[in-house]
file target-v3.txt (compact mmCIF, C-alpha atoms and all ligand atoms)
# COMPACT_ATOMS: atom_id res chain seq x y z
CA MET M 1 10.54 -12.73 22.51
CA ARG M 2 10.48 -16.15 20.86
CA GLU M 3 9.00 -14.69 17.66
CA TYR M 4 11.84 -12.21 17.29
CA ARG M 5 14.34 -14.99 17.59
CA ASP M 6 12.50 -16.94 14.90
CA CYS M 7 12.45 -13.89 12.70
CA LEU M 8 16.14 -13.18 13.23
CA ALA M 9 17.14 -16.82 12.76
CA ARG M 10 15.14 -17.00 9.53
CA THR M 11 16.71 -13.86 8.16
CA ALA M 12 20.20 -14.89 9.16
CA GLY M 13 19.69 -18.33 7.65
CA VAL M 14 20.64 -20.17 10.84
CA THR M 15 18.73 -22.52 13.12
CA GLN M 16 17.50 -21.50 16.55
CA LYS M 17 20.22 -23.65 18.09
CA GLN M 18 22.97 -22.03 16.02
CA LEU M 19 21.57 -18.62 16.82
CA HIS M 20 21.60 -19.39 20.51
CA ALA M 21 25.20 -20.65 20.32
CA LEU M 22 26.32 -17.58 18.40
CA LEU M 23 24.57 -15.28 20.81
CA SER M 24 26.03 -16.85 23.91
CA LYS M 25 29.55 -16.58 22.46
CA GLU M 26 29.59 -12.84 22.91
CA LYS M 27 27.57 -12.42 26.03
CA GLY M 28 28.56 -8.82 26.68
CA ASP M 29 27.65 -7.59 23.24
CA ARG M 30 24.75 -9.69 22.17
CA THR M 31 21.71 -7.48 22.31
CA MET M 32 20.46 -4.44 20.47
CA ARG M 33 17.68 -1.94 20.96
CA ALA M 34 14.86 -1.94 18.42
CA MET M 35 11.48 -0.31 17.94
CA VAL M 36 9.14 -3.13 16.94
CA LEU M 37 5.59 -3.38 15.67
CA GLU M 38 3.68 -5.99 17.65
CA THR M 39 0.08 -5.36 16.66
CA VAL M 40 -1.61 -3.42 13.89
CA SER M 41 -3.27 -0.26 15.22
CA PRO M 42 -3.70 3.46 14.47
CA VAL M 43 -0.33 5.20 14.71
CA GLU M 44 -1.73 7.66 17.26
CA GLU M 45 -1.78 4.75 19.73
CA LYS M 46 2.04 4.65 19.49
CA PRO M 47 2.22 0.96 18.60
CA LEU M 48 6.00 0.68 18.21
CA LYS M 49 7.65 -0.67 21.36
CA LEU M 50 11.28 -0.22 22.38
CA VAL M 51 12.73 -3.65 23.21
CA ASP M 52 16.08 -5.39 23.60
CA LEU M 53 16.59 -8.13 21.06
CA PRO M 54 19.41 -10.48 20.19
CA LYS M 55 21.80 -8.91 17.73
CA PRO M 56 21.28 -10.59 14.33
CA VAL M 57 23.90 -12.89 12.85
CA PRO M 58 24.87 -12.63 9.18
CA GLY M 59 24.13 -15.81 7.26
CA GLN M 60 25.71 -16.99 4.04
CA GLY M 61 26.35 -14.08 1.68
CA GLN M 62 25.01 -11.62 4.22
CA ILE M 63 26.52 -8.68 6.05
CA LEU M 64 25.83 -7.42 9.56
CA ILE M 65 25.27 -3.68 9.57
CA LYS M 66 25.51 -1.33 12.54
CA VAL M 67 22.71 1.10 11.72
CA SER M 68 23.48 4.79 12.08
CA ALA M 69 20.37 6.31 10.46
CA CYS M 70 17.04 5.08 9.13
CA GLY M 71 14.59 7.22 7.21
CA ILE M 72 10.89 7.09 8.01
CA CYS M 73 8.55 6.41 5.11
CA HIS M 74 4.82 6.52 4.55
CA THR M 75 4.90 2.78 3.95
CA GLU M 76 5.54 2.33 7.68
CA LEU M 77 2.17 3.99 8.33
CA ASP M 78 0.57 1.55 5.89
CA GLU M 79 2.16 -1.37 7.73
CA ILE M 80 1.30 -0.07 11.21
CA GLU M 81 -2.31 0.64 10.28
CA GLY M 82 -2.81 -2.60 8.37
CA ARG M 83 -3.06 -1.47 4.74
CA VAL M 84 0.13 -3.40 3.89
CA ALA M 85 0.59 -6.35 6.20
CA PRO M 86 4.10 -7.33 7.33
CA SER M 87 4.65 -11.03 6.59
CA GLY M 88 4.90 -11.68 10.32
CA LEU M 89 4.52 -9.84 13.61
CA PRO M 90 6.40 -8.65 15.52
CA MET M 91 8.43 -6.89 12.83
CA ILE M 92 11.18 -4.29 12.83
CA LEU M 93 10.12 -1.69 10.25
CA GLY M 94 12.28 0.72 8.26
CA HIS M 95 13.79 0.50 4.79
CA GLU M 96 16.01 3.57 4.33
CA ILE M 97 18.99 2.26 6.22
CA VAL M 98 22.51 3.68 6.39
CA GLY M 99 25.18 2.05 8.48
CA ARG M 100 28.57 0.40 8.56
CA VAL M 101 29.50 -3.20 7.89
CA GLU M 102 30.38 -4.80 11.20
CA ALA M 103 30.72 -8.47 10.23
CA LEU M 104 30.63 -10.63 7.13
CA GLY M 105 28.79 -13.93 6.80
CA ILE M 106 30.47 -16.81 5.03
CA ARG M 107 31.00 -16.24 1.30
CA ALA M 108 30.35 -12.52 1.66
CA GLY M 109 33.15 -10.47 0.10
CA LYS M 110 31.76 -7.46 -1.76
CA PHE M 111 32.25 -5.15 1.21
CA LYS M 112 34.75 -5.07 4.02
CA LYS M 113 34.33 -4.29 7.69
CA GLY M 114 33.80 -0.58 8.27
CA ASP M 115 32.41 0.16 4.77
CA ARG M 116 29.42 2.48 4.73
CA VAL M 117 26.42 0.91 3.01
CA GLY M 118 22.74 1.51 2.46
CA ILE M 119 19.74 -0.81 2.29
CA ALA M 120 16.57 0.03 0.39
CA TRP M 121 13.06 -1.45 0.16
CA ILE M 122 14.08 -4.38 -2.06
CA ASN M 123 15.62 -6.94 0.27
CA TRP M 124 15.72 -10.01 -1.93
CA ALA M 125 14.39 -11.20 -5.32
CA CYS M 126 14.43 -14.68 -6.84
CA GLY M 127 16.42 -13.79 -9.97
CA LYS M 128 14.62 -16.52 -11.92
CA CYS M 129 10.98 -15.54 -12.48
CA CYS M 130 9.70 -13.88 -15.65
CA PHE M 131 9.80 -10.46 -13.95
CA CYS M 132 13.32 -10.81 -12.55
CA LEU M 133 14.59 -11.93 -15.97
CA LYS M 134 13.13 -8.80 -17.61
CA ASP M 135 14.71 -6.22 -15.25
CA GLN M 136 11.43 -6.05 -13.31
CA GLU M 137 12.56 -7.54 -10.01
CA ASN M 138 10.34 -4.90 -8.39
CA LEU M 139 7.42 -7.12 -9.50
CA CYS M 140 8.99 -10.46 -8.45
CA ASP M 141 6.30 -12.74 -6.96
CA THR M 142 8.54 -14.04 -4.19
CA ALA M 143 10.57 -10.89 -3.48
CA LYS M 144 11.13 -9.78 0.11
CA TRP M 145 10.82 -6.20 1.23
CA THR M 146 12.93 -4.64 3.95
CA GLY M 147 11.02 -3.94 7.16
CA LYS M 148 8.06 -5.97 5.90
CA ASP M 149 9.34 -9.46 5.14
CA ALA M 150 12.77 -9.07 6.75
CA PRO M 151 13.71 -7.01 9.82
CA GLY M 152 14.48 -3.39 8.92
CA GLY M 153 16.35 -0.41 10.27
CA TYR M 154 14.39 0.78 13.30
CA ALA M 155 17.11 -1.01 15.29
CA GLU M 156 20.78 -0.77 16.14
CA TYR M 157 21.74 -3.67 13.86
CA THR M 158 20.38 -5.48 10.84
CA VAL M 159 21.53 -8.05 8.30
CA VAL M 160 21.07 -8.15 4.55
CA SER M 161 22.39 -10.07 1.55
CA GLU M 162 25.44 -8.18 0.30
CA ASP M 163 23.86 -8.21 -3.19
CA PHE M 164 21.14 -5.92 -1.86
CA ALA M 165 23.40 -3.33 -0.23
CA TYR M 166 24.79 -0.22 -1.91
CA ALA M 167 27.86 1.91 -1.37
CA ILE M 168 26.86 5.38 -0.17
CA PRO M 169 28.51 8.33 -1.96
CA GLU M 170 30.90 10.20 0.34
CA ARG M 171 29.22 13.53 -0.20
CA PHE M 172 26.31 12.64 2.07
CA THR M 173 26.22 12.34 5.84
CA ASP M 174 24.47 9.26 7.21
CA VAL M 175 21.32 11.25 7.98
CA LYS M 176 21.21 12.99 4.60
CA ALA M 177 21.81 9.71 2.76
CA ALA M 178 18.92 7.86 4.46
CA PRO M 179 15.98 9.45 2.58
CA LEU M 180 17.75 8.89 -0.72
CA LEU M 181 17.22 5.14 -0.27
CA CYS M 182 13.44 5.12 -0.63
CA ALA M 183 12.06 8.62 -1.11
CA GLY M 184 14.91 9.28 -3.56
CA VAL M 185 15.10 5.96 -5.37
CA ILE M 186 11.36 5.50 -5.84
CA GLY M 187 10.98 9.15 -6.79
CA TYR M 188 13.64 8.63 -9.42
CA ARG M 189 11.77 5.58 -10.73
CA ALA M 190 8.48 7.51 -10.79
CA LEU M 191 10.11 10.39 -12.67
CA ARG M 192 11.50 7.96 -15.24
CA LEU M 193 8.10 6.29 -15.69
CA SER M 194 6.32 9.65 -16.02
CA GLY M 195 7.84 10.28 -19.45
CA MET M 196 9.17 13.69 -18.40
CA GLU M 197 11.28 15.40 -21.07
CA ASP M 198 13.08 18.72 -21.23
CA GLY M 199 10.65 21.56 -21.95
CA LYS M 200 7.62 19.76 -20.51
CA VAL M 201 5.62 20.76 -17.45
CA LEU M 202 5.86 18.25 -14.58
CA GLY M 203 3.13 18.33 -11.94
CA LEU M 204 3.91 17.08 -8.42
CA TYR M 205 0.94 16.33 -6.16
CA GLY M 206 2.10 16.26 -2.54
CA PHE M 207 5.43 17.70 -1.49
CA GLY M 208 6.94 15.45 1.16
CA ALA M 209 10.10 13.38 1.36
CA SER M 210 9.99 11.99 -2.17
CA ALA M 211 8.71 15.02 -4.10
CA HIS M 212 11.27 17.39 -2.59
CA ILE M 213 14.00 15.14 -3.98
CA VAL M 214 12.27 14.62 -7.34
CA ILE M 215 12.07 18.37 -7.95
CA GLN M 216 15.86 18.59 -7.55
CA VAL M 217 16.41 15.76 -10.04
CA ALA M 218 13.91 17.29 -12.50
CA LYS M 219 15.49 20.75 -12.28
CA TYR M 220 18.90 19.20 -12.99
CA LYS M 221 17.90 16.85 -15.81
CA TYR M 222 15.33 19.09 -17.51
CA PRO M 223 16.63 22.67 -17.21
CA ASN M 224 14.04 24.01 -19.66
CA GLY M 225 11.14 22.17 -18.10
CA LYS M 226 8.80 23.53 -15.47
CA VAL M 227 7.71 22.01 -12.18
CA PHE M 228 4.27 22.80 -10.74
CA VAL M 229 3.69 21.77 -7.12
CA PHE M 230 0.30 21.04 -5.50
CA THR M 231 0.00 20.63 -1.73
CA ARG M 232 -2.78 20.59 0.85
CA PRO M 233 -3.96 24.21 1.23
CA GLN M 234 -2.62 24.62 4.77
CA GLN M 235 0.85 23.20 4.07
CA LYS M 236 2.69 26.51 4.06
CA GLU M 237 6.02 24.98 5.09
CA HIS M 238 5.84 22.53 2.20
CA GLN M 239 5.02 25.37 -0.19
CA ASP M 240 7.95 27.43 1.14
CA LEU M 241 10.27 24.49 0.60
CA ALA M 242 8.94 24.01 -2.96
CA ARG M 243 9.60 27.69 -3.66
CA LYS M 244 13.13 27.42 -2.26
CA LEU M 245 13.79 24.40 -4.50
CA GLY M 246 12.72 26.24 -7.63
CA ALA M 247 9.07 25.30 -8.22
CA ASP M 248 7.71 27.35 -11.14
CA TRP M 249 4.18 27.47 -9.77
CA ILE M 250 2.70 26.41 -6.43
CA GLY M 251 -0.94 25.84 -5.59
CA ALA M 252 -3.36 23.63 -3.73
CA THR M 253 -4.76 20.32 -4.96
CA GLY M 254 -7.96 21.36 -6.71
CA ASP M 255 -6.43 24.46 -8.28
CA THR M 256 -6.14 24.76 -12.03
CA PRO M 257 -2.55 25.65 -12.97
CA PRO M 258 -1.67 28.27 -15.64
CA GLU M 259 -0.57 25.57 -18.10
CA LYS M 260 -1.58 21.96 -18.73
CA LEU M 261 0.71 19.31 -17.20
CA GLY M 262 2.79 17.30 -19.67
CA CYS M 263 3.07 14.61 -17.00
CA ALA M 264 2.43 14.34 -13.29
CA ILE M 265 3.41 12.29 -10.26
CA ASP M 266 0.99 11.82 -7.38
CA PHE M 267 2.81 11.26 -4.06
CA THR M 268 -0.22 11.66 -1.81
CA PRO M 269 -1.85 8.95 0.32
CA VAL M 270 -5.38 9.88 -0.84
CA GLY M 271 -7.48 9.34 -3.97
CA GLU M 272 -8.54 12.78 -5.10
CA PRO M 273 -5.23 14.04 -6.54
CA VAL M 274 -5.32 11.26 -9.17
CA ARG M 275 -8.50 12.74 -10.65
CA GLU M 276 -7.10 16.23 -10.30
CA ALA M 277 -3.87 15.34 -12.08
CA LEU M 278 -5.80 13.66 -14.91
CA ARG M 279 -8.07 16.70 -15.21
CA ASN M 280 -5.09 19.06 -15.55
CA LEU M 281 -3.14 16.76 -17.86
CA GLN M 282 -2.10 17.71 -21.39
CA LYS M 283 -3.27 15.45 -24.24
CA GLY M 284 -1.14 12.29 -24.43
CA GLY M 285 0.21 12.88 -20.92
CA ARG M 286 0.72 10.38 -18.12
CA VAL M 287 0.00 10.40 -14.40
CA VAL M 288 2.19 8.16 -12.26
CA ILE M 289 0.90 7.22 -8.81
CA ASN M 290 3.71 6.80 -6.33
CA ALA M 291 1.91 5.17 -3.42
CA ILE M 292 1.74 1.64 -2.10
CA ARG M 293 -1.84 2.13 -0.83
CA LYS M 294 -4.45 4.90 -0.83
CA THR M 295 -6.35 5.74 2.33
CA THR M 296 -9.35 7.13 0.41
CA PRO M 297 -10.86 5.91 -2.90
CA ILE M 298 -10.32 7.47 -6.31
CA ARG M 299 -13.79 8.71 -7.19
CA GLU M 300 -15.42 7.84 -10.51
CA LEU M 301 -13.52 9.12 -13.53
CA ASP M 302 -15.31 10.95 -16.30
CA TYR M 303 -14.08 9.54 -19.59
CA THR M 304 -14.14 12.82 -21.49
CA GLU M 305 -12.59 14.93 -18.77
CA HIS M 306 -10.04 12.54 -17.33
CA LEU M 307 -9.02 9.97 -19.95
CA TRP M 308 -9.92 10.98 -23.53
CA TYR M 309 -7.04 12.19 -25.74
CA GLU M 310 -4.76 9.31 -24.88
CA LYS M 311 -4.18 10.24 -21.28
CA GLU M 312 -2.56 7.48 -19.25
CA VAL M 313 -2.45 6.52 -15.61
CA LYS M 314 0.15 4.15 -14.17
CA SER M 315 1.30 3.16 -10.69
CA VAL M 316 4.86 2.69 -9.51
CA ALA M 317 5.45 -0.41 -7.43
CA ASN M 318 8.62 -1.00 -5.40
CA VAL M 319 12.11 -0.47 -6.79
CA THR M 320 14.83 -2.49 -8.48
CA ARG M 321 18.48 -2.56 -7.49
CA ARG M 322 19.24 -0.80 -10.76
CA ASP M 323 17.10 2.16 -9.66
CA ALA M 324 19.28 2.53 -6.55
CA GLN M 325 22.54 1.93 -8.40
CA GLU M 326 21.67 4.63 -10.96
CA PHE M 327 20.17 7.12 -8.55
CA LEU M 328 22.79 7.24 -5.76
CA PRO M 329 25.69 8.46 -7.98
CA LEU M 330 23.33 10.89 -9.74
CA ALA M 331 22.22 12.26 -6.35
CA ALA M 332 25.86 12.94 -5.48
CA GLN M 333 26.55 14.52 -8.86
CA ILE M 334 23.59 16.96 -8.78
CA PRO M 335 24.03 17.19 -5.70
CA ILE M 336 20.69 16.54 -4.03
CA VAL M 337 20.31 18.39 -0.75
CA PRO M 338 17.73 16.46 1.27
CA GLU M 339 15.87 18.47 3.88
CA THR M 340 15.80 16.29 6.97
CA GLN M 341 14.22 16.38 10.39
CA GLU M 342 15.99 14.17 12.93
CA PHE M 343 14.46 12.01 15.64
CA ARG M 344 15.92 9.51 18.08
CA LEU M 345 15.13 5.81 17.64
CA GLU M 346 12.78 5.85 20.62
CA GLU M 347 10.87 8.79 19.11
CA ALA M 348 9.75 6.75 16.08
CA ASN M 349 6.06 6.79 17.11
CA GLU M 350 6.00 10.58 17.48
CA ALA M 351 7.82 11.02 14.17
CA LEU M 352 5.30 8.79 12.40
CA VAL M 353 2.36 10.74 13.83
CA LEU M 354 3.92 13.95 12.46
CA LEU M 355 4.39 12.23 9.11
CA LYS M 356 0.72 11.20 9.05
CA GLU M 357 -0.31 14.77 9.82
CA GLY M 358 1.86 16.06 6.96
CA LYS M 359 3.96 18.09 9.38
CA ILE M 360 7.47 16.91 8.53
CA ARG M 361 9.41 19.34 6.37
CA GLY M 362 11.31 17.23 3.84
CA ALA M 363 12.15 13.78 5.21
CA GLY M 364 12.09 12.41 8.75
CA VAL M 365 15.12 10.37 9.80
CA LEU M 366 15.80 8.32 12.92
CA LYS M 367 19.34 8.92 14.09
CA VAL M 368 20.11 5.54 15.59
CA ALA M 369 23.79 6.00 16.47
CA GLU M 370 26.36 8.79 16.47
ZN ZN I 401 9.59 3.84 1.53
ZN ZN I 402 11.68 -13.06 -9.27
call {"tool": "encode", "arguments": {"input": "target-v3.txt", "output": "structure tokens"}}
result
Amino acid sequence: MREYRDCLARTAGVTQKQLHALLSKEKGDRTMRAMVLETVSPVEEKPLKLVDLPKPVPGQGQILIKVSACGICHTELDEIEGRVAPSGLPMILGHEIVGRVEALGIRAGKFKKGDRVGIAWINWACGKCCFCLKDQENLCDTAKWTGKDAPGGYAEYTVVSEDFAYAIPERFTDVKAAPLLCAGVIGYRALRLSGMEDGKVLGLYGFGASAHIVIQVAKYKYPNGKVFVFTRPQQKEHQDLARKLGADWIGATGDTPPEKLGCAIDFTPVGEPVREALRNLQKGGRVVINAIRKTTPIRELDYTEHLWYEKEVKSVANVTRRDAQEFLPLAAQIPIVPETQEFRLEEANEALVLLKEGKIRGAGVLKVAE
């Protein structure tokens, strides 16, 4: 378990020796359970292993969080299967973390012990590069991402810089708040980038954790707009949920909707919906791709059919702290009602297989503690 200790010491900003000293101080209470990724492999091989690890120690400006819930995200599948490599293995995945502050590192004072906080995908950014200085810390060259470059929330405890933690609105339970932190925040960013306006038609390709939140934001912010939802043909549960949440039209990817799409967001892990969204797009419209990687290629585009008439295509990459700070209060105000399916920490592999198969209704969440 040497590598875990290195990883934890690095994150906590302490040396191995200090870590060891800190750990042996509280012998009775020094370990935590975690589901860790040791080697890249197909998720069906259940690659996450349940292990006991030393409880992390908050470094300067950091807080120690006792995790109560952690959402599961498609990005974990990309990490597990090698499309997005964690910066080191083994790694504790998970970046939709809700928990309570248990200890403060030196010079940490924004939160107090017992406060409920959330952690999202952005774990750290330099604050100095040309991107950070232009409110684009999501593009920072040296940024760290939770559960990829720093241990995440598939564990009983984690640490984070207090500057990258957010207060969670009271309205939400721990489990309901978890999917807001990635599915919600990145969906909010994608909706903003799409150029959606009241009265327009918004197309959503894929209807999982993120899209089922985005439709609720869109219905609230654009009461005279329409939302058209496209799913895989067999995803009846997803279509039922879309209907319940007020979708104005529901079909399968490949269908031609009754009206052109003013803008569209593609949430799927595959290539084809990008072409489909461009094909169905209104003149001057924009397609935003909300995916960190695609598992199948985007086939050749036909200029006349897919791009002519000033159609645009843009990806969304990561999130900024501002996205989270704007979205969380808005989610409480609407209020967003996330549909969640709960799993225990040790069921993470099974939950991720269901996610890959498109069988989770709404968002999957690991309930780590009561
Ligand atoms: Zn995510
Ligand atoms: Zn930067």
call {"tool": "residues_near_ligand", "arguments": {"input": "target-v3.txt", "ligand": "ligand ZN 401 (chain I)", "cutoff": "12 Å", "atoms": "only C-alpha atoms and all ligand atoms", "output": "PDB file with C-alpha atoms, in the coordinates of the input"}}
result
ATOM      1  CA  CYS M  70      17.040   5.080   9.130  1.00  0.00           C
ATOM      2  CA  GLY M  71      14.590   7.220   7.210  1.00  0.00           C
ATOM      3  CA  ILE M  72      10.890   7.090   8.010  1.00  0.00           C
ATOM      4  CA  CYS M  73       8.550   6.410   5.110  1.00  0.00           C
ATOM      5  CA  HIS M  74       4.820   6.520   4.550  1.00  0.00           C
ATOM      6  CA  THR M  75       4.900   2.780   3.950  1.00  0.00           C
ATOM      7  CA  GLU M  76       5.540   2.330   7.680  1.00  0.00           C
ATOM      8  CA  LEU M  77       2.170   3.990   8.330  1.00  0.00           C
ATOM      9  CA  ASP M  78       0.570   1.550   5.890  1.00  0.00           C
ATOM     10  CA  GLU M  79       2.160  -1.370   7.730  1.00  0.00           C
ATOM     11  CA  LEU M  93      10.120  -1.690  10.250  1.00  0.00           C
ATOM     12  CA  GLY M  94      12.280   0.720   8.260  1.00  0.00           C
ATOM     13  CA  HIS M  95      13.790   0.500   4.790  1.00  0.00           C
ATOM     14  CA  GLU M  96      16.010   3.570   4.330  1.00  0.00           C
ATOM     15  CA  ILE M  97      18.990   2.260   6.220  1.00  0.00           C
ATOM     16  CA  ILE M 119      19.740  -0.810   2.290  1.00  0.00           C
ATOM     17  CA  ALA M 120      16.570   0.030   0.390  1.00  0.00           C
ATOM     18  CA  TRP M 121      13.060  -1.450   0.160  1.00  0.00           C
ATOM     19  CA  ILE M 122      14.080  -4.380  -2.060  1.00  0.00           C
ATOM     20  CA  TRP M 145      10.820  -6.200   1.230  1.00  0.00           C
ATOM     21  CA  THR M 146      12.930  -4.640   3.950  1.00  0.00           C
ATOM     22  CA  GLY M 147      11.020  -3.940   7.160  1.00  0.00           C
ATOM     23  CA  LYS M 148       8.060  -5.970   5.900  1.00  0.00           C
ATOM     24  CA  GLY M 152      14.480  -3.390   8.920  1.00  0.00           C
ATOM     25  CA  GLY M 153      16.350  -0.410  10.270  1.00  0.00           C
ATOM     26  CA  ALA M 178      18.920   7.860   4.460  1.00  0.00           C
ATOM     27  CA  PRO M 179      15.980   9.450   2.580  1.00  0.00           C
ATOM     28  CA  LEU M 180      17.750   8.890  -0.720  1.00  0.00           C
ATOM     29  CA  LEU M 181      17.220   5.140  -0.270  1.00  0.00           C
ATOM     30  CA  CYS M 182      13.440   5.120  -0.630  1.00  0.00           C
ATOM     31  CA  ALA M 183      12.060   8.620  -1.110  1.00  0.00           C
ATOM     32  CA  GLY M 184      14.910   9.280  -3.560  1.00  0.00           C
ATOM     33  CA  VAL M 185      15.100   5.960  -5.370  1.00  0.00           C
ATOM     34  CA  ILE M 186      11.360   5.500  -5.840  1.00  0.00           C
ATOM     35  CA  GLY M 187      10.980   9.150  -6.790  1.00  0.00           C
ATOM     36  CA  GLY M 208       6.940  15.450   1.160  1.00  0.00           C
ATOM     37  CA  ALA M 209      10.100  13.380   1.360  1.00  0.00           C
ATOM     38  CA  SER M 210       9.990  11.990  -2.170  1.00  0.00           C
ATOM     39  CA  PHE M 267       2.810  11.260  -4.060  1.00  0.00           C
ATOM     40  CA  ASN M 290       3.710   6.800  -6.330  1.00  0.00           C
ATOM     41  CA  ALA M 291       1.910   5.170  -3.420  1.00  0.00           C
ATOM     42  CA  ILE M 292       1.740   1.640  -2.100  1.00  0.00           C
ATOM     43  CA  ARG M 293      -1.840   2.130  -0.830  1.00  0.00           C
ATOM     44  CA  ALA M 317       5.450  -0.410  -7.430  1.00  0.00           C
ATOM     45  CA  ASN M 318       8.620  -1.000  -5.400  1.00  0.00           C
ATOM     46  CA  VAL M 319      12.110  -0.470  -6.790  1.00  0.00           C
ATOM     47  CA  ALA M 363      12.150  13.780   5.210  1.00  0.00           C
ATOM     48  CA  GLY M 364      12.090  12.410   8.750  1.00  0.00           C
ATOM     49  CA  VAL M 365      15.120  10.370   9.800  1.00  0.00           C
TER      50      VAL M 365
END
call {"tool": "residues_near_point", "arguments": {"input": "target-v3.txt", "point": "(24.7, 7.9, -5.4)", "cutoff": "12 Å", "atoms": "all atoms listed in the file", "output": "ChimeraX atom specification"}}
result
/M:117-118,166-172,176-181,184-185,188,322-336
call {"tool": "write_last_selection", "arguments": {"input": "target-v3.txt", "atoms": "C-alpha atoms", "output": "PDB file, in the coordinates of the input"}}
result
ATOM      1  CA  VAL M 117      26.420   0.910   3.010  1.00  0.00           C
ATOM      2  CA  GLY M 118      22.740   1.510   2.460  1.00  0.00           C
ATOM      3  CA  TYR M 166      24.790  -0.220  -1.910  1.00  0.00           C
ATOM      4  CA  ALA M 167      27.860   1.910  -1.370  1.00  0.00           C
ATOM      5  CA  ILE M 168      26.860   5.380  -0.170  1.00  0.00           C
ATOM      6  CA  PRO M 169      28.510   8.330  -1.960  1.00  0.00           C
ATOM      7  CA  GLU M 170      30.900  10.200   0.340  1.00  0.00           C
ATOM      8  CA  ARG M 171      29.220  13.530  -0.200  1.00  0.00           C
ATOM      9  CA  PHE M 172      26.310  12.640   2.070  1.00  0.00           C
ATOM     10  CA  LYS M 176      21.210  12.990   4.600  1.00  0.00           C
ATOM     11  CA  ALA M 177      21.810   9.710   2.760  1.00  0.00           C
ATOM     12  CA  ALA M 178      18.920   7.860   4.460  1.00  0.00           C
ATOM     13  CA  PRO M 179      15.980   9.450   2.580  1.00  0.00           C
ATOM     14  CA  LEU M 180      17.750   8.890  -0.720  1.00  0.00           C
ATOM     15  CA  LEU M 181      17.220   5.140  -0.270  1.00  0.00           C
ATOM     16  CA  GLY M 184      14.910   9.280  -3.560  1.00  0.00           C
ATOM     17  CA  VAL M 185      15.100   5.960  -5.370  1.00  0.00           C
ATOM     18  CA  TYR M 188      13.640   8.630  -9.420  1.00  0.00           C
ATOM     19  CA  ARG M 322      19.240  -0.800 -10.760  1.00  0.00           C
ATOM     20  CA  ASP M 323      17.100   2.160  -9.660  1.00  0.00           C
ATOM     21  CA  ALA M 324      19.280   2.530  -6.550  1.00  0.00           C
ATOM     22  CA  GLN M 325      22.540   1.930  -8.400  1.00  0.00           C
ATOM     23  CA  GLU M 326      21.670   4.630 -10.960  1.00  0.00           C
ATOM     24  CA  PHE M 327      20.170   7.120  -8.550  1.00  0.00           C
ATOM     25  CA  LEU M 328      22.790   7.240  -5.760  1.00  0.00           C
ATOM     26  CA  PRO M 329      25.690   8.460  -7.980  1.00  0.00           C
ATOM     27  CA  LEU M 330      23.330  10.890  -9.740  1.00  0.00           C
ATOM     28  CA  ALA M 331      22.220  12.260  -6.350  1.00  0.00           C
ATOM     29  CA  ALA M 332      25.860  12.940  -5.480  1.00  0.00           C
ATOM     30  CA  GLN M 333      26.550  14.520  -8.860  1.00  0.00           C
ATOM     31  CA  ILE M 334      23.590  16.960  -8.780  1.00  0.00           C
ATOM     32  CA  PRO M 335      24.030  17.190  -5.700  1.00  0.00           C
ATOM     33  CA  ILE M 336      20.690  16.540  -4.030  1.00  0.00           C
TER      34      ILE M 336
END
call {"tool": "closest_atom_pairs", "arguments": {"input": "target-v3.txt", "of": "chain M", "to": "ligand ZN 402 (chain I)", "cutoff": "7 Å", "atoms": "all atoms listed in the file", "output": "tab-separated table"}}
result
residue	atom	partner	partner_atom	distance
M:Ala125	CA	I:ZN402	ZN	5.1
M:Cys126	CA	I:ZN402	ZN	4.0
M:Gly127	CA	I:ZN402	ZN	4.8
M:Lys128	CA	I:ZN402	ZN	5.3
M:Cys129	CA	I:ZN402	ZN	4.1
M:Cys130	CA	I:ZN402	ZN	6.7
M:Phe131	CA	I:ZN402	ZN	5.7
M:Cys132	CA	I:ZN402	ZN	4.3
M:Glu137	CA	I:ZN402	ZN	5.6
M:Cys140	CA	I:ZN402	ZN	3.8
M:Asp141	CA	I:ZN402	ZN	5.9
M:Thr142	CA	I:ZN402	ZN	6.1
M:Ala143	CA	I:ZN402	ZN	6.3
call {"tool": "closest_residue", "arguments": {"input": "target-v3.txt", "among": "M:Lys49, M:Asn123, M:Thr256, M:Glu38", "to": "Ala85 of chain M", "atoms": "all atoms listed in the file"}}
result
M:Glu38
call {"tool": "residues_near_point", "arguments": {"input": "target-v3.txt", "point": "(15.6, 9.4, 15.2)", "cutoff": "10 Å", "atoms": "all atoms listed in the file", "output": "number ranges by chain"}}
result
M: 68-72, 154, 175, 341-348, 350-351, 364-369
call {"tool": "atom_distance", "arguments": {"input": "target-v3.txt", "atom1": "atom CA of Pro58 of chain M", "atom2": "atom CA of Leu104 of chain M"}}
result
6.4 Å
call {"tool": "atom_distance", "arguments": {"input": "target-v3.txt", "atom1": "atom CA of Lys200 of chain M", "atom2": "atom CA of Cys263 of chain M"}}
result
7.7 Å
call {"tool": "closest_residue", "arguments": {"input": "target-v3.txt", "among": "M:Lys260, M:Arg192, M:Lys283, M:Arg107", "to": "Gln60 of chain M", "atoms": "only C-alpha atoms"}}
result
M:Arg107
call {"tool": "closest_residue", "arguments": {"input": "target-v3.txt", "among": "M:Leu204, M:Ile63, M:Ala150, M:Leu301", "to": "Arg232 of chain M", "atoms": "all atoms listed in the file"}}
result
M:Leu204
call {"tool": "closest_residue", "arguments": {"input": "target-v3.txt", "among": "M:Leu37, M:Ile106, M:Val274, M:Val201", "to": "Asn224 of chain M", "atoms": "all atoms listed in the file"}}
result
M:Val201
call {"tool": "atom_distance", "arguments": {"input": "target-v3.txt", "atom1": "atom CA of Gly358 of chain M", "atom2": "atom CA of Ser41 of chain M"}}
result
19.0 Å
call {"tool": "closest_residue", "arguments": {"input": "target-v3.txt", "among": "M:Pro151, M:Pro223, M:Gly206, M:Gly285", "to": "Glu272 of chain M", "atoms": "all atoms listed in the file"}}
result
M:Gly206
